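Listing of input_25.cif; format and content: mmCIF, C-alpha atoms.
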data_entry
loop_
_atom_site.label_atom_id
_atom_site.label_comp_id
_atom_site.auth_asym_id
_atom_site.auth_seq_id
_atom_site.Cartn_x
_atom_site.Cartn_y
_atom_site.Cartn_z
CA MET A 1 -65.63 25.04 144.69
CA ALA A 2 -68.70 23.75 142.89
CA ILE A 3 -69.17 19.99 142.48
CA GLU A 4 -69.15 20.28 138.71
CA ASP A 5 -65.65 21.73 138.93
CA GLU A 6 -64.43 18.47 140.54
CA ILE A 7 -65.83 16.18 137.81
CA ILE A 8 -63.20 14.58 135.55
CA ASN A 9 -64.25 12.90 132.30
CA ILE A 10 -62.43 9.84 130.96
CA SER A 11 -61.72 11.75 127.77
CA ASP A 12 -59.85 14.40 129.79
CA ILE A 13 -57.30 11.92 131.17
CA ASP A 14 -53.85 11.98 129.56
CA LYS A 15 -53.45 9.33 126.86
CA GLY A 16 -50.76 6.71 127.36
CA THR A 17 -48.61 5.24 124.59
CA GLU A 18 -47.77 1.87 126.15
CA ILE A 19 -48.57 -0.40 129.06
CA LEU A 20 -45.78 -1.76 131.27
CA ASN A 21 -45.64 -4.71 133.63
CA ASP A 22 -45.99 -2.56 136.72
CA ASP A 23 -48.90 -0.55 135.32
CA ARG A 24 -52.29 -1.31 136.83
CA LEU A 25 -55.75 -2.00 135.49
CA ILE A 26 -58.98 -1.24 137.33
CA ILE A 27 -61.19 -4.34 137.45
CA GLU A 28 -64.64 -4.91 138.89
CA THR A 29 -64.95 -8.20 140.82
CA ASN A 30 -67.66 -9.82 142.94
CA SER A 31 -65.80 -8.69 146.02
CA GLY A 32 -65.36 -5.07 144.92
CA THR A 33 -63.30 -2.83 142.64
CA LYS A 34 -59.59 -3.63 142.64
CA LEU A 35 -56.29 -2.79 141.00
CA LEU A 36 -54.50 -5.50 138.95
CA ALA A 37 -50.92 -5.25 137.76
CA PHE A 38 -50.65 -5.79 134.01
CA LYS A 39 -48.04 -8.51 134.54
CA ASP A 40 -50.64 -10.50 136.51
CA LEU A 41 -53.22 -10.41 133.71
CA VAL A 42 -53.84 -13.99 132.45
CA ILE A 43 -55.97 -14.82 129.40
CA GLY A 44 -56.90 -18.51 129.16
CA GLU A 45 -57.67 -20.49 125.99
CA ASP A 46 -61.39 -20.45 126.82
CA ASN A 47 -61.35 -16.67 126.46
CA ILE A 48 -59.70 -16.70 123.01
CA THR A 49 -62.06 -16.97 120.05
CA PHE A 50 -59.21 -17.81 117.67
CA LYS A 51 -57.48 -20.46 119.76
CA ASP A 52 -57.83 -23.01 116.92
CA LYS A 53 -55.52 -20.80 114.86
CA LEU A 54 -52.76 -20.56 117.48
CA VAL A 55 -49.49 -22.12 116.36
CA GLN A 56 -47.68 -24.39 118.82
CA GLY A 57 -44.03 -23.70 119.51
CA ALA A 58 -41.21 -26.10 118.77
CA ASP A 59 -41.27 -27.31 122.37
CA ALA A 60 -45.06 -27.72 122.52
CA THR A 61 -46.43 -30.98 123.87
CA GLY A 62 -49.41 -33.02 122.69
CA SER A 63 -50.19 -35.01 119.56
CA SER A 64 -51.00 -33.74 116.09
CA SER A 65 -52.28 -35.46 112.98
CA THR A 66 -52.28 -34.86 109.24
CA ASN A 67 -55.24 -35.07 106.86
CA THR A 68 -54.74 -35.45 103.13
CA SER A 69 -56.75 -35.65 99.95
CA VAL A 70 -55.63 -37.43 96.78
CA VAL A 71 -55.02 -35.21 93.73
CA THR A 72 -53.85 -37.00 90.57
CA GLY A 73 -52.47 -39.81 92.72
CA TYR A 74 -50.59 -37.53 95.18
CA ASN A 75 -51.44 -37.03 98.87
CA ILE A 76 -51.94 -33.31 99.54
CA LEU A 77 -52.34 -31.86 103.06
CA THR A 78 -55.75 -30.31 103.75
CA SER A 79 -56.88 -27.64 106.20
CA ASP A 80 -58.06 -30.43 108.56
CA THR A 81 -54.43 -31.08 109.52
CA THR A 82 -53.82 -30.16 113.17
CA ALA A 83 -52.96 -26.46 113.50
CA GLY A 84 -49.29 -26.00 114.35
CA HIS A 85 -48.36 -29.49 113.13
CA LEU A 86 -44.58 -29.76 112.75
CA THR A 87 -44.38 -30.47 109.03
CA LYS A 88 -41.85 -32.96 107.68
CA TYR A 89 -40.88 -33.50 104.05
CA ALA A 90 -42.93 -36.69 103.98
CA ASP A 91 -46.01 -34.55 104.70
CA ILE A 92 -45.45 -32.21 101.75
CA SER A 93 -43.78 -34.63 99.32
CA GLY A 94 -47.11 -35.10 97.53
CA THR A 95 -47.38 -31.34 96.97
CA VAL A 96 -43.82 -31.23 95.64
CA GLU A 97 -44.38 -34.16 93.28
CA LEU A 98 -47.69 -32.68 92.09
CA GLY A 99 -45.86 -29.46 91.28
CA LYS A 100 -43.32 -31.43 89.22
CA PHE A 101 -46.15 -33.34 87.52
CA ASN A 102 -47.94 -30.10 86.57
CA TYR A 103 -44.69 -28.56 85.34
CA ASN A 104 -43.94 -31.56 83.13
CA GLY A 105 -47.51 -31.54 81.82
CA ILE A 106 -47.38 -27.84 80.94
CA SER A 107 -43.97 -28.30 79.29
CA LYS A 108 -45.30 -31.19 77.23
CA PHE A 109 -48.38 -29.21 76.22
CA ALA A 110 -46.18 -26.28 75.20
CA SER A 111 -44.05 -28.59 73.04
CA MET A 112 -47.21 -29.71 71.23
CA SER A 113 -48.31 -26.19 70.29
CA ALA A 114 -46.84 -26.59 66.82
CA THR A 115 -48.78 -29.84 66.31
CA ILE A 116 -51.99 -28.15 67.44
CA GLU A 117 -51.45 -25.36 64.93
CA GLN A 118 -50.83 -27.93 62.20
CA ASN A 119 -54.04 -29.77 63.11
CA ASN A 120 -56.01 -26.52 63.09
CA SER A 121 -54.61 -25.73 59.66
CA SER A 122 -55.57 -29.20 58.40
CA ILE A 123 -59.10 -28.84 59.77
CA THR A 124 -59.43 -25.46 58.04
CA ASP A 125 -58.32 -27.06 54.76
CA LEU A 126 -60.79 -29.94 55.22
CA ASN A 127 -63.66 -27.51 55.87
CA ALA A 128 -62.73 -25.58 52.72
CA ASN A 129 -62.64 -28.83 50.71
CA LEU A 130 -66.01 -29.94 52.09
CA THR A 131 -67.49 -26.60 51.09
CA THR A 132 -66.10 -27.05 47.58
CA ILE A 133 -67.56 -30.58 47.39
CA TYR A 134 -70.95 -29.36 48.63
CA ASP A 135 -71.03 -26.53 46.09
CA LYS A 136 -70.02 -28.98 43.35
CA LEU A 137 -72.80 -31.40 44.23
CA GLN A 138 -75.34 -28.60 44.37
CA SER A 139 -74.44 -27.56 40.85
CA THR A 140 -74.31 -31.11 39.43
CA SER A 141 -77.26 -32.43 37.42
CA SER A 142 -79.32 -35.38 38.66
CA ALA A 143 -78.07 -37.54 35.80
CA ASP A 144 -74.48 -37.00 36.85
CA LEU A 145 -75.31 -37.64 40.49
CA ASN A 146 -76.62 -41.11 39.61
CA ALA A 147 -73.04 -42.09 38.77
CA ILE A 148 -71.84 -41.16 42.26
CA THR A 149 -71.61 -43.95 44.83
CA ILE A 150 -72.44 -42.79 48.35
CA THR A 151 -70.61 -44.63 51.13
CA THR A 152 -72.67 -45.15 54.28
CA LYS A 153 -71.20 -44.98 57.77
CA PRO A 154 -70.82 -48.17 59.85
CA VAL A 155 -72.91 -48.72 62.98
CA ASN A 156 -70.89 -51.48 64.65
CA PHE A 157 -70.91 -51.70 68.45
CA LYS A 158 -69.61 -53.73 71.38
CA LEU A 159 -70.80 -53.29 74.96
CA THR A 160 -69.51 -54.92 78.15
CA THR A 161 -70.10 -54.75 81.86
CA GLY A 162 -67.43 -54.66 84.55
CA ASN A 163 -69.78 -54.25 87.51
CA ASP A 164 -73.27 -55.33 88.49
CA VAL A 165 -75.81 -53.65 86.21
CA ASP A 166 -79.38 -53.80 87.44
CA PRO A 167 -81.73 -51.91 85.08
CA ASP A 168 -85.07 -50.62 86.34
CA THR A 169 -86.88 -52.63 83.66
CA LYS A 170 -86.43 -56.14 82.27
CA GLY A 171 -84.07 -54.76 79.66
CA VAL A 172 -80.47 -55.95 79.67
CA GLY A 173 -78.06 -53.23 80.79
CA PHE A 174 -74.34 -52.61 80.21
CA ASP A 175 -71.92 -50.00 81.58
CA THR A 176 -69.06 -49.72 79.04
CA LYS A 177 -68.88 -48.91 75.32
CA ASP A 178 -65.84 -50.83 74.05
CA LEU A 179 -66.88 -49.94 70.48
CA ASP A 180 -69.09 -46.85 70.32
CA PRO A 181 -71.10 -46.64 67.04
CA GLN A 182 -71.58 -42.90 67.52
CA VAL A 183 -67.87 -42.36 66.83
CA THR A 184 -68.30 -43.47 63.21
CA ASN A 185 -71.96 -42.50 62.82
CA PRO A 186 -73.16 -39.69 65.12
CA ALA A 187 -76.71 -40.12 63.80
CA VAL A 188 -77.22 -43.42 65.65
CA ASP A 189 -79.13 -43.26 68.94
CA LEU A 190 -77.67 -45.66 71.53
CA GLU A 191 -78.73 -46.29 75.14
CA ILE A 192 -76.76 -48.90 77.08
CA ASN A 193 -78.70 -49.33 80.35
CA PRO A 194 -81.11 -50.74 79.46
CA PHE A 195 -79.87 -51.46 75.93
CA LYS A 196 -81.66 -49.82 73.00
CA ILE A 197 -80.24 -48.81 69.62
CA THR A 198 -82.06 -46.85 66.92
CA TYR A 199 -80.41 -47.06 63.50
CA PRO A 200 -80.23 -43.82 61.47
CA ASP A 201 -82.78 -43.06 58.75
CA ASP A 202 -81.04 -39.95 57.40
CA GLY A 203 -79.23 -41.76 54.60
CA SER A 204 -76.06 -42.44 56.61
CA PHE A 205 -77.12 -46.08 57.15
CA SER A 206 -78.33 -48.52 54.49
CA THR A 207 -80.50 -51.57 55.14
CA CYS A 208 -78.14 -54.51 55.69
CA TRP A 209 -77.56 -57.84 57.41
CA MET A 210 -76.21 -57.53 60.96
CA LEU A 211 -74.58 -60.21 63.10
CA PHE A 212 -75.57 -59.95 66.78
CA MET A 213 -73.54 -61.82 69.42
CA VAL A 214 -74.74 -61.97 73.04
CA ASP A 215 -72.93 -63.52 76.04
CA LEU A 216 -74.56 -62.82 79.40
CA ILE A 217 -73.69 -63.89 82.95
CA SER A 218 -76.17 -63.60 85.84
CA ASN A 219 -75.70 -64.21 89.55
CA GLN A 220 -79.38 -65.06 90.02
CA ASP A 221 -81.53 -68.13 89.32
CA ALA A 222 -81.33 -69.81 85.93
CA ASN A 223 -84.12 -70.37 83.36
CA ALA A 224 -84.84 -66.68 82.62
CA GLU A 225 -85.30 -66.14 78.87
CA VAL A 226 -83.55 -63.50 76.74
CA TYR A 227 -85.25 -61.89 73.73
CA LEU A 228 -83.62 -59.96 70.88
CA LYS A 229 -86.27 -57.69 69.34
CA VAL A 230 -86.37 -55.62 66.16
CA ASN A 231 -89.14 -53.01 66.15
CA ASN A 232 -90.73 -54.85 69.13
CA ASN A 233 -90.82 -58.15 67.21
CA THR A 234 -88.88 -61.04 68.79
CA VAL A 235 -86.37 -62.33 66.22
CA ALA A 236 -84.20 -64.58 68.41
CA THR A 237 -84.33 -66.07 71.92
CA THR A 238 -82.13 -67.95 74.39
CA GLU A 239 -82.26 -68.71 78.11
CA PHE A 240 -79.97 -68.76 81.13
CA SER A 241 -78.63 -72.10 82.37
CA ARG A 242 -76.27 -73.22 85.11
CA LYS A 243 -72.76 -74.49 84.40
CA GLY A 244 -71.17 -76.50 87.17
CA ARG A 245 -71.27 -75.16 90.71
CA THR A 246 -70.23 -71.58 90.04
CA GLY A 247 -73.48 -70.15 91.39
CA ARG A 248 -73.95 -68.25 88.13
CA ALA A 249 -76.13 -68.71 85.06
CA TYR A 250 -75.07 -68.13 81.45
CA ALA A 251 -76.91 -67.20 78.25
CA SER A 252 -75.44 -67.02 74.72
CA LEU A 253 -76.96 -66.03 71.40
CA GLN A 254 -75.70 -65.50 67.86
CA THR A 255 -78.05 -64.46 65.10
CA ILE A 256 -77.99 -62.70 61.72
CA GLN A 257 -80.82 -60.23 61.16
CA TYR A 258 -81.90 -57.95 58.32
CA ILE A 259 -81.93 -54.43 59.79
CA PRO A 260 -83.65 -51.60 57.89
CA ALA A 261 -82.85 -47.92 58.32
CA GLY A 262 -84.66 -46.47 61.34
CA ALA A 263 -85.04 -49.88 63.04
CA VAL A 264 -85.06 -50.11 66.83
CA VAL A 265 -83.26 -53.09 68.41
CA THR A 266 -83.67 -54.02 72.07
CA LEU A 267 -82.52 -56.85 74.36
CA LEU A 268 -85.02 -57.95 77.02
CA MET A 269 -85.47 -60.70 79.62
CA SER A 270 -88.52 -62.59 80.83
CA ARG A 271 -87.76 -61.38 84.36
CA LYS A 272 -85.42 -58.97 86.04
CA GLU A 273 -81.85 -60.30 86.33
CA THR A 274 -78.58 -58.80 87.53
CA ILE A 275 -75.96 -58.87 84.74
CA VAL A 276 -72.39 -59.15 86.04
CA LEU A 277 -68.72 -59.04 85.08
CA GLY A 278 -67.87 -60.74 81.78
CA SER A 279 -71.11 -60.04 79.92
CA ASN A 280 -70.95 -58.54 76.46
CA PHE A 281 -73.11 -57.72 73.42
CA ALA A 282 -71.89 -56.86 69.91
CA GLY A 283 -73.47 -55.97 66.61
CA VAL A 284 -71.44 -56.09 63.37
CA LYS A 285 -72.46 -55.30 59.78
CA ILE A 286 -71.76 -58.28 57.46
CA SER A 287 -73.23 -56.99 54.16
#
Kindly return the structure encoded in the file as structure tokens.
Amino acid sequence: MAIEDEIINISDIDKGTEILNDDRLIIETNSGTKLLAFKDLVIGEDNITFKDKLVQGADATGSSSTNTSVVTGYNILTSDTTAGHLTKYADISGTVELGKFNYNGISKFASMSATIEQNNSSITDLNANLTTIYDKLQSTSSADLNAITITTKPVNFKLTTGNDVDPDTKGVGFDTKDLDPQVTNPAVDLEINPFKITYPDDGSFSTCWMLFMVDLISNQDANAEVYLKVNNNTVATTEFSRKGRTGRAYASLQTIQYIPAGAVVTLLMSRKETIVLGSNFAGVKIS
């Protein structure tokens, strides 16, 4: 018999459909080729690429820990929780309560759908009325327009600070708009850190007297001066001074100024200071 007749290819071997405990595997070791019963085959954790995804049984030993993130005030488990952690209701209570919160919110929003439709209808009516007014004004003679009184929009503001505000310049900075002038007059340009307000010159603001009230608190040395400027001209000044042993300095200023349309008002200091909790600055139209 020729040698080639004795050759058996792997592909010619009968295919099995299962492997039993007593079946054997051929393995190559440092001490030679050997047979290994399937029941003796052991795969350790170091040989499993997905061991971090293995779930521990109910009788597993070892510690586990939870990791949560806060969503709308509720603690929600994250993927950093130990794999196989035996979850208790306390672990998922945040998820349950968040589900209830979302359900209540959606229900409330659904109940307001009628109100939203009513508001949309009102807005449509207002737009139609504004168009009618605009067309009427366009077709009205100049003589008739002289009898029309145009009401300007207010540009009142109040700014406060609840945390340390340290502007890059010597300008005084704030962090909260308690009264935002852009709500009543979108044409005003307001920057709050450092403070700078540019009054509109599009006809929505008329030249008037404004009352400015400044109360500043600093946690640095006293004697720094504060300047209120209109179009870069200093119109009023004050300076910081100590009160008692609080370790803070205070500066107050009240002044009435004539502000024309397009004017730029700024609040500056003679040197850089840190403005802290309790400081405020307001501007109110008085005529």
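The interatomic distance for the pair atom CA of Leu228 of chain A and atom CA of Leu268 of chain A works out to 6.6 Å.
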- request: Give me the result of the PyMOL selection byres ((chain A and resi 230) around 7) on this file, residue by residue, as an MDAnalysis selection string.
  value: chainID A and resid 228:229 231:235 263:266
Spatial neighbours of Lys153 of chain A, 12 Å, all atoms listed in the file, chain gap at least 6 places, as a short mmCIF file (atom, residue, chain, number, x, y, z; two decimals) with C-alpha atoms, in the coordinates of the input:
data_model
loop_
_atom_site.label_atom_id
_atom_site.label_comp_id
_atom_site.auth_asym_id
_atom_site.auth_seq_id
_atom_site.Cartn_x
_atom_site.Cartn_y
_atom_site.Cartn_z
CA PRO A 181 -71.10 -46.64 67.04
CA GLN A 182 -71.58 -42.90 67.52
CA VAL A 183 -67.87 -42.36 66.83
CA THR A 184 -68.30 -43.47 63.21
CA ASN A 185 -71.96 -42.50 62.82
CA PRO A 186 -73.16 -39.69 65.12
CA ALA A 187 -76.71 -40.12 63.80
CA VAL A 188 -77.22 -43.42 65.65
CA TYR A 199 -80.41 -47.06 63.50
CA PRO A 200 -80.23 -43.82 61.47
CA ASP A 201 -82.78 -43.06 58.75
CA ASP A 202 -81.04 -39.95 57.40
CA GLY A 203 -79.23 -41.76 54.60
CA SER A 204 -76.06 -42.44 56.61
CA PHE A 205 -77.12 -46.08 57.15
CA SER A 206 -78.33 -48.52 54.49
CA THR A 207 -80.50 -51.57 55.14
CA CYS A 208 -78.14 -54.51 55.69
CA LYS A 285 -72.46 -55.30 59.78
#
- request: Would you please work out which residue, of A:Thr87, A:Ser218, A:Asn9, A:Thr124, is nearest to Ser241 of chain A when using only C-alpha atoms?
  value: A:Ser218
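Checking A:Ile192, A:Leu211, A:Thr78, A:His85 one by one against Ser63 of chain A, counting all atoms listed in the file, you find the shortest gap at A:His85.
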- request: One decimal, Å: what's the distance from atom CA of Asn219 of chain A over to atom CA of Ile197 of chain A, could you say?
  value: 25.6 Å
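Every polymer residue reaching to within 9 Å of (-89.3, -53.8, 78.8), counting all atoms listed in the file, appears in this list: Thr169, Lys170, Gly171, Pro194, Thr266, Leu267, Leu268 and Met269 of chain A.
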field: Hits of the PyMOL selection byres ((chain A and resi 161) around 12) in this structure, as a ChimeraX atom specification
entry: /A:158-160,162-166,172-178,192-195,215-218,274-281
task: Taking the file as shown, find all residues satisfying the PyMOL selection byres ((chain A and resi 19-26) around 8) and write them as a list of chain:residue names.
output: A:Gly16, A:Thr17, A:Glu18, A:Ile27, A:Glu28, A:Thr33, A:Lys34, A:Leu35, A:Leu36, A:Ala37, A:Phe38, A:Lys39
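Among the candidates A:Thr49, A:Thr115, A:Asn75, A:Thr238, the one nearest to Glu97 of chain A when counting only C-alpha atoms is A:Asn75.
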- request: Would you list the contacts of Thr66 of chain A as a ChimeraX atom specification, taking every protein, DNA or RNA residue within 8 Å and counting all atoms listed in the file, but skipping same-chain residues closer than 4 positions in sequence?
  value: /A:77-78,80-82,85,91
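Between atom CA of Ala110 of chain A and atom CA of Leu98 of chain A there is a distance of 18.1 Å.
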